[in-house]
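Novice: What follows is entry-v3.pdb, made up of PDB, C-alpha atoms:
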ATOM      1  CA  MET W 101      44.358 244.495  53.670  1.00  0.00           C
ATOM      2  CA  GLU W 102      40.768 244.903  52.466  1.00  0.00           C
ATOM      3  CA  LYS W 103      39.548 248.494  52.608  1.00  0.00           C
ATOM      4  CA  GLU W 104      36.732 248.959  55.102  1.00  0.00           C
ATOM      5  CA  ARG W 105      33.432 249.680  53.407  1.00  0.00           C
ATOM      6  CA  ARG W 106      31.864 252.993  54.335  1.00  0.00           C
ATOM      7  CA  GLY W 107      28.208 253.009  55.293  1.00  0.00           C
ATOM      8  CA  ILE W 108      25.614 255.518  56.456  1.00  0.00           C
ATOM      9  CA  GLN W 109      25.415 255.448  60.218  1.00  0.00           C
ATOM     10  CA  SER W 110      21.877 256.831  60.458  1.00  0.00           C
ATOM     11  CA  VAL W 111      20.566 254.004  58.260  1.00  0.00           C
ATOM     12  CA  GLU W 112      22.248 251.430  60.466  1.00  0.00           C
ATOM     13  CA  VAL W 113      20.897 253.082  63.628  1.00  0.00           C
ATOM     14  CA  GLY W 114      17.357 253.248  62.286  1.00  0.00           C
ATOM     15  CA  GLY W 115      17.664 249.699  61.037  1.00  0.00           C
ATOM     16  CA  GLN W 116      17.808 248.536  64.662  1.00  0.00           C
ATOM     17  CA  LEU W 117      14.118 249.411  64.929  1.00  0.00           C
ATOM     18  CA  LEU W 118      13.275 247.138  62.008  1.00  0.00           C
ATOM     19  CA  ILE W 119      15.398 244.366  63.488  1.00  0.00           C
ATOM     20  CA  ALA W 120      13.606 244.774  66.810  1.00  0.00           C
ATOM     21  CA  LEU W 121      10.184 244.456  65.132  1.00  0.00           C
ATOM     22  CA  VAL W 122      11.245 241.322  63.275  1.00  0.00           C
ATOM     23  CA  ASP W 123      12.701 239.769  66.431  1.00  0.00           C
ATOM     24  CA  GLU W 124       9.543 240.541  68.406  1.00  0.00           C
ATOM     25  CA  GLY W 125       7.256 239.117  65.733  1.00  0.00           C
ATOM     26  CA  ALA W 126       4.292 241.187  66.965  1.00  0.00           C
ATOM     27  CA  PRO W 127       3.121 244.844  66.957  1.00  0.00           C
ATOM     28  CA  MET W 128       4.885 247.030  69.554  1.00  0.00           C
ATOM     29  CA  LEU W 129       4.296 250.297  71.379  1.00  0.00           C
ATOM     30  CA  LEU W 130       6.789 253.099  70.727  1.00  0.00           C
ATOM     31  CA  ARG W 131       8.415 252.917  74.165  1.00  0.00           C
ATOM     32  CA  ASP W 132       8.881 249.135  73.973  1.00  0.00           C
ATOM     33  CA  LEU W 133      10.179 249.241  70.421  1.00  0.00           C
ATOM     34  CA  ALA W 134      12.634 252.017  71.202  1.00  0.00           C
ATOM     35  CA  GLN W 135      13.873 250.236  74.303  1.00  0.00           C
ATOM     36  CA  LYS W 136      14.384 246.990  72.402  1.00  0.00           C
ATOM     37  CA  ALA W 137      16.351 248.899  69.748  1.00  0.00           C
ATOM     38  CA  GLY W 138      18.509 250.563  72.393  1.00  0.00           C
ATOM     39  CA  MET W 139      17.360 254.156  71.992  1.00  0.00           C
ATOM     40  CA  THR W 140      14.968 256.695  73.465  1.00  0.00           C
ATOM     41  CA  SER W 141      11.413 257.173  72.183  1.00  0.00           C
ATOM     42  CA  ALA W 142      12.292 260.689  71.053  1.00  0.00           C
ATOM     43  CA  LYS W 143      15.157 259.377  68.955  1.00  0.00           C
ATOM     44  CA  ALA W 144      13.143 256.485  67.531  1.00  0.00           C
ATOM     45  CA  HIS W 145      10.085 258.475  66.465  1.00  0.00           C
ATOM     46  CA  PRO W 146      11.612 260.373  63.459  1.00  0.00           C
ATOM     47  CA  TYR W 147      12.957 257.093  62.067  1.00  0.00           C
ATOM     48  CA  LEU W 148       9.513 255.510  62.389  1.00  0.00           C
ATOM     49  CA  VAL W 149       7.910 258.450  60.566  1.00  0.00           C
ATOM     50  CA  SER W 150      10.343 258.038  57.665  1.00  0.00           C
ATOM     51  CA  PHE W 151       9.919 254.263  57.594  1.00  0.00           C
ATOM     52  CA  SER W 152       6.146 254.762  57.567  1.00  0.00           C
ATOM     53  CA  ASN W 153       6.391 257.152  54.625  1.00  0.00           C
ATOM     54  CA  ILE W 154       8.000 254.468  52.457  1.00  0.00           C
ATOM     55  CA  GLY W 155       5.865 251.591  53.725  1.00  0.00           C
ATOM     56  CA  LEU W 156       8.468 249.778  55.806  1.00  0.00           C
ATOM     57  CA  ILE W 157       6.351 250.099  58.949  1.00  0.00           C
ATOM     58  CA  GLN W 158       2.779 251.057  59.781  1.00  0.00           C
ATOM     59  CA  GLN W 159       1.014 252.178  62.947  1.00  0.00           C
ATOM     60  CA  ASP W 160      -2.340 250.863  64.088  1.00  0.00           C
ATOM     61  CA  PRO W 161      -4.582 253.941  64.484  1.00  0.00           C
ATOM     62  CA  VAL W 162      -6.443 252.382  67.426  1.00  0.00           C
ATOM     63  CA  SER W 163      -3.755 250.719  69.523  1.00  0.00           C
ATOM     64  CA  GLY W 164      -0.874 252.956  68.413  1.00  0.00           C
ATOM     65  CA  ARG W 165       1.341 249.908  67.990  1.00  0.00           C
ATOM     66  CA  TYR W 166       3.902 249.685  65.211  1.00  0.00           C
ATOM     67  CA  GLU W 167       4.327 246.719  62.886  1.00  0.00           C
ATOM     68  CA  LEU W 168       6.023 245.931  59.602  1.00  0.00           C
ATOM     69  CA  GLY W 169       4.363 247.660  56.641  1.00  0.00           C
ATOM     70  CA  ARG W 170       3.281 246.491  53.221  1.00  0.00           C
ATOM     71  CA  PHE W 171       6.570 247.255  51.497  1.00  0.00           C
ATOM     72  CA  ALA W 172       8.522 245.324  54.139  1.00  0.00           C
ATOM     73  CA  LEU W 173       6.178 242.356  53.673  1.00  0.00           C
ATOM     74  CA  GLN W 174       6.572 242.551  49.893  1.00  0.00           C
ATOM     75  CA  MET W 175      10.354 242.538  50.294  1.00  0.00           C
ATOM     76  CA  GLY W 176      10.107 239.486  52.524  1.00  0.00           C
ATOM     77  CA  LEU W 177       7.810 237.639  50.131  1.00  0.00           C
ATOM     78  CA  ILE W 178      10.066 238.351  47.158  1.00  0.00           C
ATOM     79  CA  SER W 179      13.018 237.080  49.168  1.00  0.00           C
ATOM     80  CA  LEU W 180      11.114 233.902  50.005  1.00  0.00           C
ATOM     81  CA  GLN W 181      10.076 233.400  46.394  1.00  0.00           C
ATOM     82  CA  LEU W 182      13.705 233.627  45.303  1.00  0.00           C
ATOM     83  CA  LEU W 183      14.557 230.610  47.414  1.00  0.00           C
ATOM     84  CA  ASP W 184      15.198 227.581  45.228  1.00  0.00           C
ATOM     85  CA  PRO W 185      12.466 225.373  46.775  1.00  0.00           C
ATOM     86  CA  VAL W 186       9.795 227.957  45.994  1.00  0.00           C
ATOM     87  CA  LYS W 187      11.055 228.664  42.471  1.00  0.00           C
ATOM     88  CA  ILE W 188      11.155 224.964  41.706  1.00  0.00           C
ATOM     89  CA  ALA W 189       7.742 224.303  43.231  1.00  0.00           C
ATOM     90  CA  ILE W 190       5.821 227.129  41.507  1.00  0.00           C
ATOM     91  CA  PRO W 191       5.537 225.459  38.058  1.00  0.00           C
ATOM     92  CA  GLU W 192       4.891 222.097  39.724  1.00  0.00           C
ATOM     93  CA  SER W 193       2.055 223.578  41.800  1.00  0.00           C
ATOM     94  CA  SER W 194       0.535 225.205  38.713  1.00  0.00           C
ATOM     95  CA  GLU W 195       0.522 221.907  36.839  1.00  0.00           C
ATOM     96  CA  LEU W 196      -0.931 220.129  39.873  1.00  0.00           C
ATOM     97  CA  SER W 197      -3.744 222.673  40.134  1.00  0.00           C
ATOM     98  CA  ASP W 198      -4.554 222.203  36.428  1.00  0.00           C
ATOM     99  CA  ARG W 199      -4.585 218.408  36.740  1.00  0.00           C
ATOM    100  CA  ILE W 200      -6.817 218.108  39.799  1.00  0.00           C
ATOM    101  CA  GLY W 201      -8.897 221.279  39.393  1.00  0.00           C
ATOM    102  CA  HIS W 202      -8.318 222.597  42.923  1.00  0.00           C
ATOM    103  CA  THR W 203      -6.500 225.523  44.513  1.00  0.00           C
ATOM    104  CA  VAL W 204      -2.867 224.784  45.384  1.00  0.00           C
ATOM    105  CA  ALA W 205      -0.845 226.803  47.912  1.00  0.00           C
ATOM    106  CA  LEU W 206       2.865 226.799  48.691  1.00  0.00           C
ATOM    107  CA  ALA W 207       3.982 227.600  52.232  1.00  0.00           C
ATOM    108  CA  VAL W 208       7.318 227.962  54.002  1.00  0.00           C
ATOM    109  CA  LEU W 209       8.052 228.284  57.698  1.00  0.00           C
ATOM    110  CA  GLY W 210       8.198 231.935  58.737  1.00  0.00           C
ATOM    111  CA  SER W 211       8.968 233.469  62.112  1.00  0.00           C
ATOM    112  CA  ARG W 212       5.306 233.266  63.190  1.00  0.00           C
ATOM    113  CA  GLY W 213       4.469 229.929  61.575  1.00  0.00           C
ATOM    114  CA  PRO W 214       3.717 228.396  58.150  1.00  0.00           C
ATOM    115  CA  THR W 215       3.398 231.262  55.667  1.00  0.00           C
ATOM    116  CA  VAL W 216       1.785 231.161  52.212  1.00  0.00           C
ATOM    117  CA  VAL W 217       4.219 232.392  49.552  1.00  0.00           C
ATOM    118  CA  HIS W 218       2.414 231.357  46.363  1.00  0.00           C
ATOM    119  CA  LEU W 219      -1.168 230.552  45.395  1.00  0.00           C
ATOM    120  CA  ASN W 220      -2.647 228.880  42.316  1.00  0.00           C
ATOM    121  CA  GLU W 221      -6.375 229.509  42.510  1.00  0.00           C
ATOM    122  CA  SER W 222      -8.756 227.141  40.741  1.00  0.00           C
ATOM    123  CA  ARG W 223     -11.940 228.134  38.956  1.00  0.00           C
ATOM    124  CA  GLN W 224     -13.965 226.558  41.740  1.00  0.00           C
ATOM    125  CA  ALA W 225     -15.016 229.249  44.183  1.00  0.00           C
ATOM    126  CA  ILE W 226     -13.932 228.500  47.749  1.00  0.00           C
ATOM    127  CA  HIS W 227     -14.663 230.764  50.682  1.00  0.00           C
ATOM    128  CA  VAL W 228     -11.161 230.853  52.141  1.00  0.00           C
ATOM    129  CA  ARG W 229      -9.391 234.066  53.100  1.00  0.00           C
ATOM    130  CA  MET W 230      -5.924 233.201  51.885  1.00  0.00           C
ATOM    131  CA  ARG W 231      -3.332 235.199  49.994  1.00  0.00           C
ATOM    132  CA  THR W 232       0.431 235.428  49.808  1.00  0.00           C
ATOM    133  CA  GLY W 233       1.708 236.413  53.216  1.00  0.00           C
ATOM    134  CA  THR W 234      -1.055 234.620  55.135  1.00  0.00           C
ATOM    135  CA  VAL W 235       0.216 232.833  58.250  1.00  0.00           C
ATOM    136  CA  VAL W 236      -1.738 229.645  59.001  1.00  0.00           C
ATOM    137  CA  SER W 237      -2.208 227.725  62.231  1.00  0.00           C
ATOM    138  CA  ILE W 238       0.474 225.173  63.035  1.00  0.00           C
ATOM    139  CA  GLY W 239      -2.041 222.861  64.697  1.00  0.00           C
ATOM    140  CA  SER W 240      -5.435 223.327  63.057  1.00  0.00           C
ATOM    141  CA  THR W 241      -4.626 223.332  59.323  1.00  0.00           C
ATOM    142  CA  ALA W 242      -3.336 220.663  56.959  1.00  0.00           C
ATOM    143  CA  THR W 243      -0.351 222.876  56.117  1.00  0.00           C
ATOM    144  CA  GLY W 244       0.479 223.378  59.780  1.00  0.00           C
ATOM    145  CA  ARG W 245       0.115 219.708  60.583  1.00  0.00           C
ATOM    146  CA  VAL W 246       2.539 218.624  57.874  1.00  0.00           C
ATOM    147  CA  PHE W 247       5.131 221.048  59.260  1.00  0.00           C
ATOM    148  CA  SER W 248       4.389 219.791  62.789  1.00  0.00           C
ATOM    149  CA  ALA W 249       5.047 216.208  61.708  1.00  0.00           C
ATOM    150  CA  TYR W 250       8.533 216.918  60.363  1.00  0.00           C
ATOM    151  CA  LEU W 251       9.862 219.872  62.360  1.00  0.00           C
ATOM    152  CA  PRO W 252      11.792 219.458  65.644  1.00  0.00           C
ATOM    153  CA  PRO W 253       9.261 218.879  68.477  1.00  0.00           C
ATOM    154  CA  LYS W 254      10.581 221.792  70.555  1.00  0.00           C
ATOM    155  CA  LEU W 255       9.986 224.206  67.692  1.00  0.00           C
ATOM    156  CA  VAL W 256       6.473 222.857  67.173  1.00  0.00           C
ATOM    157  CA  GLU W 257       5.739 223.329  70.890  1.00  0.00           C
ATOM    158  CA  LYS W 258       6.946 226.942  70.686  1.00  0.00           C
ATOM    159  CA  LEU W 259       4.841 227.731  67.616  1.00  0.00           C
ATOM    160  CA  ASN W 260       1.779 226.146  69.226  1.00  0.00           C
ATOM    161  CA  ALA W 261       2.310 228.132  72.416  1.00  0.00           C
ATOM    162  CA  ASN W 262       2.660 231.401  70.487  1.00  0.00           C
ATOM    163  CA  GLU W 263      -0.690 231.056  68.715  1.00  0.00           C
ATOM    164  CA  THR W 264      -3.485 233.244  70.070  1.00  0.00           C
ATOM    165  CA  SER W 265      -6.902 234.105  68.723  1.00  0.00           C
ATOM    166  CA  GLY W 266      -6.007 237.734  68.141  1.00  0.00           C
ATOM    167  CA  ASP W 267      -2.738 237.509  66.259  1.00  0.00           C
ATOM    168  CA  GLY W 268      -4.120 237.151  62.753  1.00  0.00           C
ATOM    169  CA  ILE W 269      -3.202 233.504  62.220  1.00  0.00           C
ATOM    170  CA  ALA W 270      -5.556 231.914  59.696  1.00  0.00           C
ATOM    171  CA  GLY W 271      -7.333 228.743  60.762  1.00  0.00           C
ATOM    172  CA  TYR W 272      -6.654 229.185  64.464  1.00  0.00           C
ATOM    173  CA  THR W 273      -9.496 227.566  66.420  1.00  0.00           C
ATOM    174  CA  GLY W 274      -8.253 227.756  70.007  1.00  0.00           C
ATOM    175  CA  LYS W 275      -8.600 223.989  70.346  1.00  0.00           C
ATOM    176  CA  LYS W 276      -5.602 222.432  72.091  1.00  0.00           C
ATOM    177  CA  LEU W 277      -4.889 218.734  71.642  1.00  0.00           C
ATOM    178  CA  THR W 278      -3.446 216.644  74.433  1.00  0.00           C
ATOM    179  CA  LYS W 279       0.107 215.431  73.932  1.00  0.00           C
ATOM    180  CA  LYS W 280      -1.220 211.940  73.206  1.00  0.00           C
ATOM    181  CA  GLU W 281      -3.789 213.202  70.679  1.00  0.00           C
ATOM    182  CA  LEU W 282      -1.187 215.340  68.915  1.00  0.00           C
ATOM    183  CA  GLU W 283       1.342 212.532  68.646  1.00  0.00           C
ATOM    184  CA  SER W 284      -1.345 210.189  67.278  1.00  0.00           C
ATOM    185  CA  LEU W 285      -2.280 212.743  64.628  1.00  0.00           C
ATOM    186  CA  LEU W 286       1.338 213.392  63.602  1.00  0.00           C
ATOM    187  CA  THR W 287       2.145 209.671  63.502  1.00  0.00           C
ATOM    188  CA  GLU W 288      -0.721 209.288  61.030  1.00  0.00           C
ATOM    189  CA  VAL W 289       0.709 212.122  58.898  1.00  0.00           C
ATOM    190  CA  ARG W 290       4.141 210.482  58.815  1.00  0.00           C
ATOM    191  CA  ARG W 291       2.651 207.084  57.987  1.00  0.00           C
ATOM    192  CA  HIS W 292       0.709 208.389  54.996  1.00  0.00           C
ATOM    193  CA  GLY W 293       3.188 211.097  53.944  1.00  0.00           C
ATOM    194  CA  VAL W 294       0.433 213.695  53.812  1.00  0.00           C
ATOM    195  CA  ALA W 295      -1.629 215.731  56.290  1.00  0.00           C
ATOM    196  CA  ARG W 296      -5.300 216.524  55.950  1.00  0.00           C
ATOM    197  CA  ALA W 297      -8.024 218.717  57.403  1.00  0.00           C
ATOM    198  CA  VAL W 298     -11.535 217.495  56.631  1.00  0.00           C
ATOM    199  CA  GLY W 299     -14.243 220.125  56.971  1.00  0.00           C
ATOM    200  CA  GLU W 300     -12.045 222.093  59.364  1.00  0.00           C
ATOM    201  CA  PRO W 301     -11.050 224.693  60.408  1.00  0.00           C
ATOM    202  CA  ILE W 302     -13.407 226.065  57.744  1.00  0.00           C
ATOM    203  CA  ALA W 303     -16.721 224.247  57.406  1.00  0.00           C
ATOM    204  CA  GLY W 304     -17.263 222.768  53.964  1.00  0.00           C
ATOM    205  CA  ILE W 305     -13.586 222.918  52.973  1.00  0.00           C
ATOM    206  CA  ASN W 306     -11.118 220.027  52.738  1.00  0.00           C
ATOM    207  CA  ALA W 307      -7.353 220.383  52.505  1.00  0.00           C
ATOM    208  CA  MET W 308      -4.412 218.022  52.057  1.00  0.00           C
ATOM    209  CA  SER W 309      -0.756 218.965  52.408  1.00  0.00           C
ATOM    210  CA  ALA W 310       2.492 217.191  51.533  1.00  0.00           C
ATOM    211  CA  PRO W 311       6.054 217.990  52.654  1.00  0.00           C
ATOM    212  CA  VAL W 312       8.978 218.965  50.448  1.00  0.00           C
ATOM    213  CA  PHE W 313      12.440 218.036  51.756  1.00  0.00           C
ATOM    214  CA  ASP W 314      15.904 219.334  50.938  1.00  0.00           C
ATOM    215  CA  HIS W 315      19.068 217.296  50.401  1.00  0.00           C
ATOM    216  CA  ALA W 316      19.557 216.970  54.169  1.00  0.00           C
ATOM    217  CA  GLY W 317      16.047 215.651  54.758  1.00  0.00           C
ATOM    218  CA  ASN W 318      14.718 218.868  56.304  1.00  0.00           C
ATOM    219  CA  ILE W 319      11.200 220.047  55.484  1.00  0.00           C
ATOM    220  CA  VAL W 320      11.525 223.307  53.536  1.00  0.00           C
ATOM    221  CA  LEU W 321       8.108 223.673  51.942  1.00  0.00           C
ATOM    222  CA  ALA W 322       4.538 222.415  52.064  1.00  0.00           C
ATOM    223  CA  ILE W 323       2.331 221.935  49.020  1.00  0.00           C
ATOM    224  CA  THR W 324      -1.333 222.162  49.983  1.00  0.00           C
ATOM    225  CA  VAL W 325      -4.449 221.363  47.978  1.00  0.00           C
ATOM    226  CA  ILE W 326      -7.665 223.137  49.020  1.00  0.00           C
ATOM    227  CA  GLY W 327     -11.197 222.542  47.776  1.00  0.00           C
ATOM    228  CA  PRO W 328     -14.887 222.034  48.598  1.00  0.00           C
ATOM    229  CA  MET W 329     -15.825 218.928  50.580  1.00  0.00           C
ATOM    230  CA  GLY W 330     -18.093 217.797  47.778  1.00  0.00           C
ATOM    231  CA  THR W 331     -15.323 217.611  45.166  1.00  0.00           C
ATOM    232  CA  LEU W 332     -12.017 217.190  47.012  1.00  0.00           C
ATOM    233  CA  ASP W 333     -11.576 213.580  48.092  1.00  0.00           C
ATOM    234  CA  PRO W 334      -9.502 213.573  51.314  1.00  0.00           C
ATOM    235  CA  SER W 335      -8.899 209.816  51.472  1.00  0.00           C
ATOM    236  CA  TRP W 336      -5.329 208.772  52.153  1.00  0.00           C
ATOM    237  CA  THR W 337      -5.127 206.654  48.987  1.00  0.00           C
ATOM    238  CA  GLY W 338      -7.304 208.782  46.677  1.00  0.00           C
ATOM    239  CA  ASP W 339      -6.308 210.516  43.454  1.00  0.00           C
ATOM    240  CA  VAL W 340      -5.718 213.884  45.133  1.00  0.00           C
ATOM    241  CA  ALA W 341      -3.393 212.395  47.748  1.00  0.00           C
ATOM    242  CA  ARG W 342      -1.476 210.452  45.105  1.00  0.00           C
ATOM    243  CA  GLU W 343      -1.052 213.418  42.768  1.00  0.00           C
ATOM    244  CA  LEU W 344      -0.075 215.690  45.657  1.00  0.00           C
ATOM    245  CA  LYS W 345       2.579 213.326  47.015  1.00  0.00           C
ATOM    246  CA  GLN W 346       4.028 212.779  43.567  1.00  0.00           C
ATOM    247  CA  SER W 347       4.344 216.536  42.998  1.00  0.00           C
ATOM    248  CA  ALA W 348       6.024 217.038  46.382  1.00  0.00           C
ATOM    249  CA  ALA W 349       8.372 214.120  45.692  1.00  0.00           C
ATOM    250  CA  ARG W 350       9.438 215.603  42.353  1.00  0.00           C
ATOM    251  CA  VAL W 351      10.298 218.941  43.969  1.00  0.00           C
ATOM    252  CA  SER W 352      12.162 217.168  46.784  1.00  0.00           C
ATOM    253  CA  GLU W 353      14.126 215.142  44.249  1.00  0.00           C
ATOM    254  CA  ARG W 354      15.212 218.305  42.433  1.00  0.00           C
ATOM    255  CA  LEU W 355      16.438 219.638  45.781  1.00  0.00           C
ATOM    256  CA  GLY W 356      18.646 216.588  46.202  1.00  0.00           C
ATOM    257  CA  HIS W 357      16.431 214.578  48.538  1.00  0.00           C
ATOM    258  CA  SER W 358      16.565 210.806  48.279  1.00  0.00           C
ATOM    259  CA  ALA W 359      13.402 209.103  49.511  1.00  0.00           C
TER     260      ALA W 359
END
Would it be possible to restate this file's structure as C-alpha cells?
Specialist:
Amino acid sequence: MEKERRGIQSVEVGGQLLIALVDEGAPMLLRDLAQKAGMTSAKAHPYLVSFSNIGLIQQDPVSGRYELGRFALQMGLISLQLLDPVKIAIPESSELSDRIGHTVALAVLGSRGPTVVHLNESRQAIHVRMRTGTVVSIGSTATGRVFSAYLPPKLVEKLNANETSGDGIAGYTGKKLTKKELESLLTEVRRHGVARAVGEPIAGINAMSAPVFDHAGNIVLAITVIGPMGTLDPSWTGDVARELKQSAARVSERLGHSA
C-alpha cells in the first residue's frame, strides 16, 4: 500500500483563496473571496497578506479588490510556454517575423479569452499595447476571430458575453455583431483559413491570424501578424497570408495534425 504523502495543511487552506480567484476570473472583494474559499474574512486576510508579500496576489488601492499578482501571472505564462504547441511555434514565429518584417504574436486560449504568450517584435514601430499576458477581444481582433471560428459555439458565446469595456481586454470595442453577421464573418475565416482585422480595432493597424491545430483537430494556438496598414497587405491571397498559413500548417503538422 502506497504511503500517504504528508503535506502542509495551512498551505492547502490558503491555496483555496488562489483557486477561488482563478475560478472567478476577475478581481474580488475580501468578503466575496473569503466566502468563495469557504472561510471567514478574518481567517482569509493573513493568507492574503502573505500572498501579497511574495507577489501571488495584489490589491487594488482604490477598489480594495484582490486579484492575481505579477508572480502568479509569471508562473502561469511559464507554464503556458512549456506547452508543446508554444515551444514548437516560438522558433517558427521568429523566422516568420524575419521573413515578412512584421511583429508576430502567439496566443493560446486562457480563462478570460485569447492570451498572448510570446511576441516577436519587428523593427517597424507600431502603436499597439501588447505584451505577454495580454488578453485580447474574442470578437474584435484577428486573433479572437480565428479562435471564434474553430472553438465550440457555446464557448464563443460565453467569452463574448463575458467581455466588458472595463475588464482590461485589449481590442474590445463594445460593438456586438448580430448572429447572422458573426456567422458570415466566421464562415469567411474558415473558407480562407485565416482571420483578419483591417484598420481595426486600432486605427492604422492591420492584423492577420492563422490557427494551429493538434492531432485531434482542436485549435490550440493562434499565430498573428501585426503591422501598419501601409505595409501589411491584408488580402486573403497575399504574401503575408500565404506565409502565415504555411507557418501555422508546419506547427500543426509537428503536433500530429493532418490537413
Novice: Written as a ChimeraX atom specification, what is the full residue list that the PyMOL selection byres ((chain W and resi 295) around 7) yields on the file shown?
Specialist: /W:242,245-246,289,294,296,308-310
Novice: Name the residues, using the chain letters and numbers of the file, that sit within 8 Å of (5.0, 253.7, 64.6) when counting all atoms listed in the file, and give them as a list in words.
Specialist: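 Residues satisfying the cut-off, written out: Leu129, Leu130, His145, Leu148, Val149, Ser152, Ile157, Gln158, Gln159, Asp160, Gly164, Arg165, Tyr166 and Glu167 of chain W.
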Novice: I'd like to know which of W:Ala307, W:Leu285, W:Leu209, W:Val235 is closest to Val320 in chain W, using only C-alpha atoms.
Specialist: W:Leu209
Novice: Evaluate the PyMOL selection byres ((chain W and resi 147) around 12) on the structure here and hand back the selected residues as a PyMOL selection string.
Specialist: chain W and resi 110-118+130+133-134+137+139-146+148-154+156-157
Novice: Would you mind listing what lies within 12 Å of Leu282 in chain W as a list in words, with only C-alpha atoms counted and same-chain residues fewer than 3 positions away left out?
Specialist: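 Those residues are Ile238, Gly239, Ser240, Arg245, Ser248, Ala249, Pro253, Val256, Glu257, Asn260, Lys275, Lys276, Leu277, Thr278, Lys279, Leu285, Leu286, Thr287, Glu288 and Val289 of chain W.
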Novice: With 3 Å on each side, where is the centre of the axis-aligned box around all listed atoms of range 327-346 of chain W, and how long are its edges in Å to one decimal, as AutoDock Vina command-line options?
Specialist:
--center_x -7.0 --center_y 214.6 --center_z 47.5 --size_x 28.1 --size_y 21.9 --size_z 15.4
Novice: Could you state which residues are captured by the PyMOL selection byres ((chain W and resi 326) around 9) in this file, as a PyMOL selection string?
Specialist: chain W and resi 202-205+226+305-309+324-325+327-328+332
Novice: In Å to one decimal, how far is CA of Ala120 in chain W from CA of Leu206 in chain W?
Specialist: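 That distance, rounded to one decimal, is 27.7 Å.
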Novice: Would you mind reading off the distance between CA of Ser335 in chain W and CA of Val186 in chain W, one decimal, in Å?
Specialist: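 We find that CA of Ser335 in chain W and CA of Val186 in chain W lie 26.6 Å from each other.
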Novice: How far is it from CA of Asp339 in chain W to CA of Glu281 in chain W, in Å with one decimal?
Specialist: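 Here the two named atoms are 27.5 Å from each other.
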Novice: Quick one: residues within 10 Å of Lys258 in chain W, all atoms listed in the file counted, chain neighbours fewer than 4 positions away excluded, as a short mmCIF file (atom, residue, chain, number, x, y, z; two decimals) with C-alpha atoms, in the frame of the given file?
Specialist:
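So the final result, stored in part.cif, reads:
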data_model
loop_
_atom_site.label_atom_id
_atom_site.label_comp_id
_atom_site.auth_asym_id
_atom_site.auth_seq_id
_atom_site.Cartn_x
_atom_site.Cartn_y
_atom_site.Cartn_z
CA ARG W 212 5.31 233.27 63.19
CA GLY W 213 4.47 229.93 61.58
CA PRO W 253 9.26 218.88 68.48
CA LYS W 254 10.58 221.79 70.56
CA ASN W 262 2.66 231.40 70.49
CA GLU W 263 -0.69 231.06 68.72
#
Novice: For Gly210 in chain W, which residue out of W:Ala172, W:Met329, W:Leu259, W:Ile119 is the nearest one, using only C-alpha atoms?
Specialist: W:Leu259
Novice: Rank W:Asp333, W:Glu353, W:Asp314, W:Glu343 by their smallest atom-to-atom distance to Ser193 in chain W, using all atoms listed in the file, and report the top residue only.
Specialist: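 Looking only at the distances to Ser193 in chain W, the closest residue turns out to be W:Glu343.
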Novice: Have a look at W:Gly304, W:Phe247, W:Val162, W:Tyr272 and name the one nearest to Arg290 in chain W; count all atoms listed in the file.
Specialist: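 Among the listed residues, the smallest separation from Arg290 in chain W belongs to W:Phe247.
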Novice: Write out as a list in words which residues come within 9 Å of Gly201 in chain W when counting all atoms listed in the file, dropping same-chain ones fewer than 2 positions away.
Specialist: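 Contacts, with the query itself left out: Leu196, Ser197, Asp198, Arg199, Thr203, Ser222, Arg223, Gln224 and Gly327 of chain W.
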Novice: Counting all atoms listed in the file, which residue out of W:Thr232, W:Ser194, W:Thr215, W:Thr273 sits closest to Gln174 in chain W?
Specialist: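 Nearest candidate to Gln174 in chain W out of W:Thr232, W:Ser194, W:Thr215, W:Thr273: W:Thr232.
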Novice: Pick from W:Gly271, W:Gly317, W:Pro334, W:Gly125: nearest to Ile302 in chain W, with all atoms listed in the file counted?
Specialist: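 The answer is W:Gly271, which sits nearest to Ile302 in chain W.
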